[in-house]
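Worksheet for the structure shown next.
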Amino acid sequence: MDETKNLLEKIKESIQEKKGKNIVIADLTEIDDSICNYFVICTGNSPSQVAAITDSIKDYVRIEAGVKPFAIDGIKNMQWVAIDYGEIIAHVFLPEQRDFYNLEHLWADAKLTRIPDLD
């Protein structure tokens, strides 16, 4: 498995570990001038769940894939946190912010893969 696919898998697993919902992987590789190759988008139901998912992504990916994020933004308000891994940016939203910013619609040309929720 190549490095990017492994990183995508580890991010997905870390979100599922903290019961993140509505996981979508947006493949931006065919879109000119995109800021990265993939978005991983998910929802947490409260600021504390957004924080738990963010910590899970950061820690799990470091341990399992040996990769640290280049930057993390949004941790002060825990409404929308973006975790930048270069080729992949993980977005953890509260439901209202996810609906408002609607990244899936903004990047409608991307191939979207929806991951079923684990209950």
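In the structure tokens, chains take the letters A, B, ... in the order shown, each chain's residues start at 1, and ligands count up from 1 in the order shown.
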Exercise. Near A:Ser34, within 12 Å and counting only C-alpha atoms, which residues show up once chain neighbours fewer than 3 positions away are dropped, as number ranges by chain?
Worked result: A: 26-31, 37-39, 86-89, 106-107, 109-110
For this session: Determine, counting only C-alpha atoms, which protein, DNA and RNA residues have an atom within 8 Å of an atom of A:Cys42; residues of the same chain fewer than 3 positions away are not included. Present the result as a list in words.
Result: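 Contacts, with the query itself left out: Ile15, Gly20, Lys21, Asn22, Ile23, Val24, His91, Val92 and Phe93 of chain A.
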Go ahead and dump the residues you just picked, all heavy atoms, as a short mmCIF file (atom, residue, chain, number, x, y, z; two decimals), in the first residue's frame.
```cif
data_model
loop_
_atom_site.label_atom_id
_atom_site.label_comp_id
_atom_site.auth_asym_id
_atom_site.auth_seq_id
_atom_site.Cartn_x
_atom_site.Cartn_y
_atom_site.Cartn_z
N ILE A 15 -10.61 8.43 13.11
CA ILE A 15 -11.93 9.09 13.22
C ILE A 15 -12.96 8.09 13.74
O ILE A 15 -13.73 8.39 14.66
CB ILE A 15 -12.36 9.66 11.86
CG1 ILE A 15 -11.44 10.82 11.45
CG2 ILE A 15 -13.82 10.13 11.91
CD1 ILE A 15 -11.59 11.24 9.99
N GLY A 20 -16.51 9.41 15.05
CA GLY A 20 -16.80 10.47 14.10
C GLY A 20 -17.80 9.97 13.06
O GLY A 20 -17.80 8.79 12.71
N LYS A 21 -18.66 10.84 12.59
CA LYS A 21 -19.74 10.45 11.68
C LYS A 21 -19.57 11.09 10.31
O LYS A 21 -18.83 12.06 10.13
CB LYS A 21 -21.10 10.89 12.26
CG LYS A 21 -21.42 10.28 13.61
CD LYS A 21 -21.67 8.81 13.49
CE LYS A 21 -22.07 8.20 14.83
NZ LYS A 21 -22.09 6.77 14.82
N ASN A 22 -20.32 10.54 9.35
CA ASN A 22 -20.39 11.09 7.98
C ASN A 22 -19.01 11.33 7.37
O ASN A 22 -18.73 12.41 6.87
CB ASN A 22 -21.21 12.38 7.95
CG ASN A 22 -22.62 12.18 8.46
OD1 ASN A 22 -23.24 11.16 8.17
ND2 ASN A 22 -23.12 13.13 9.23
N ILE A 23 -18.16 10.32 7.42
CA ILE A 23 -16.81 10.46 6.87
C ILE A 23 -16.90 10.44 5.34
O ILE A 23 -17.53 9.56 4.76
CB ILE A 23 -15.90 9.32 7.35
CG1 ILE A 23 -15.81 9.29 8.87
CG2 ILE A 23 -14.50 9.45 6.72
CD1 ILE A 23 -15.10 8.07 9.43
N VAL A 24 -16.28 11.44 4.73
CA VAL A 24 -16.20 11.53 3.28
C VAL A 24 -14.74 11.76 2.91
O VAL A 24 -14.07 12.62 3.49
CB VAL A 24 -17.07 12.68 2.72
CG1 VAL A 24 -16.86 12.87 1.23
CG2 VAL A 24 -18.55 12.43 3.02
N HIS A 91 -10.53 17.36 7.93
CA HIS A 91 -11.43 18.39 8.45
C HIS A 91 -12.39 17.75 9.43
O HIS A 91 -13.08 16.79 9.08
CB HIS A 91 -12.23 19.03 7.32
CG HIS A 91 -11.40 19.68 6.27
ND1 HIS A 91 -11.00 21.00 6.35
CD2 HIS A 91 -10.86 19.20 5.12
CE1 HIS A 91 -10.27 21.30 5.29
NE2 HIS A 91 -10.17 20.23 4.53
N VAL A 92 -12.44 18.28 10.65
CA VAL A 92 -13.36 17.79 11.67
C VAL A 92 -14.31 18.94 12.01
O VAL A 92 -13.87 19.99 12.48
CB VAL A 92 -12.61 17.32 12.94
CG1 VAL A 92 -13.57 16.69 13.92
CG2 VAL A 92 -11.47 16.36 12.57
N PHE A 93 -15.59 18.74 11.75
CA PHE A 93 -16.59 19.79 11.88
C PHE A 93 -17.62 19.49 12.96
O PHE A 93 -17.96 18.31 13.18
CB PHE A 93 -17.40 19.91 10.58
CG PHE A 93 -16.73 20.58 9.45
CD1 PHE A 93 -16.12 19.84 8.44
CD2 PHE A 93 -16.74 21.96 9.32
CE1 PHE A 93 -15.53 20.45 7.35
CE2 PHE A 93 -16.15 22.59 8.24
CZ PHE A 93 -15.54 21.83 7.26
#
```
For this session: For atom CA of A:Ala108 and atom CA of A:Thr43, determine how far apart the two atoms are, in Å to one decimal place.
Result: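 Answer for the atom CA of A:Ala108 to atom CA of A:Thr43 separation: 18.6 Å.
Of all the residues in stretch 7-99 of chain A, the ones DSSP labels as strand (DSSP E or B) from the backbone are Lys21, Asn22, Ile23, Val24, Ile25, Ala26, Asp27, Tyr38, Phe39, Val40, Ile41, Cys42, Thr43, Ala71, Ile72, Asp73, Trp80, Val81, Ala82, Ile83, Asp84, Ile88, Ile89, Ala90, His91, Val92 and Phe93 of chain A.
As for atom CA of A:Ile83 and atom CA of A:Ala52, they are spaced 13.3 Å apart.
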Problem set entry | A:Ala82, A:Pro47, A:Gly74, A:Ile63 ranked by distance to A:Glu96, top pick (using only C-alpha atoms) | A:Pro47
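If you look at atom CA of A:Leu94 and atom CA of A:Val81, they are 9.2 Å away from each other.
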For this session: Would you mind telling me which residue in A:Asp73, A:Ile41, A:Gly66, A:Glu9 lies nearest to A:Asn102 when using only C-alpha atoms?
Result: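 Once distances to A:Asn102 are computed over only C-alpha atoms, the minimum belongs to A:Ile41.
Restricting the calculation to only C-alpha atoms, the smallest distance between A:Ser46 and any of A:Leu7, A:Ile25, A:Asp33, A:Gln97 is found for A:Gln97.
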Exercise. Chain A: which residues are alpha helix (DSSP H) by DSSP, as a ChimeraX atom specification?
Worked result: /A:3-17,47-65,95-101,103-106
Problem set entry | A:Gln79, A:Asp119, A:Ala71, A:Asp55 ranked by distance to A:Ser14, top pick (using only C-alpha atoms) | A:Asp55
Exercise. With only C-alpha atoms as the basis for distance, which of A:Val61, A:Glu3, A:Trp80, A:Val40 is at the shortest distance from A:Phe100?
Worked result: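 Of the candidates, the smallest distance to A:Phe100 is held by A:Trp80.
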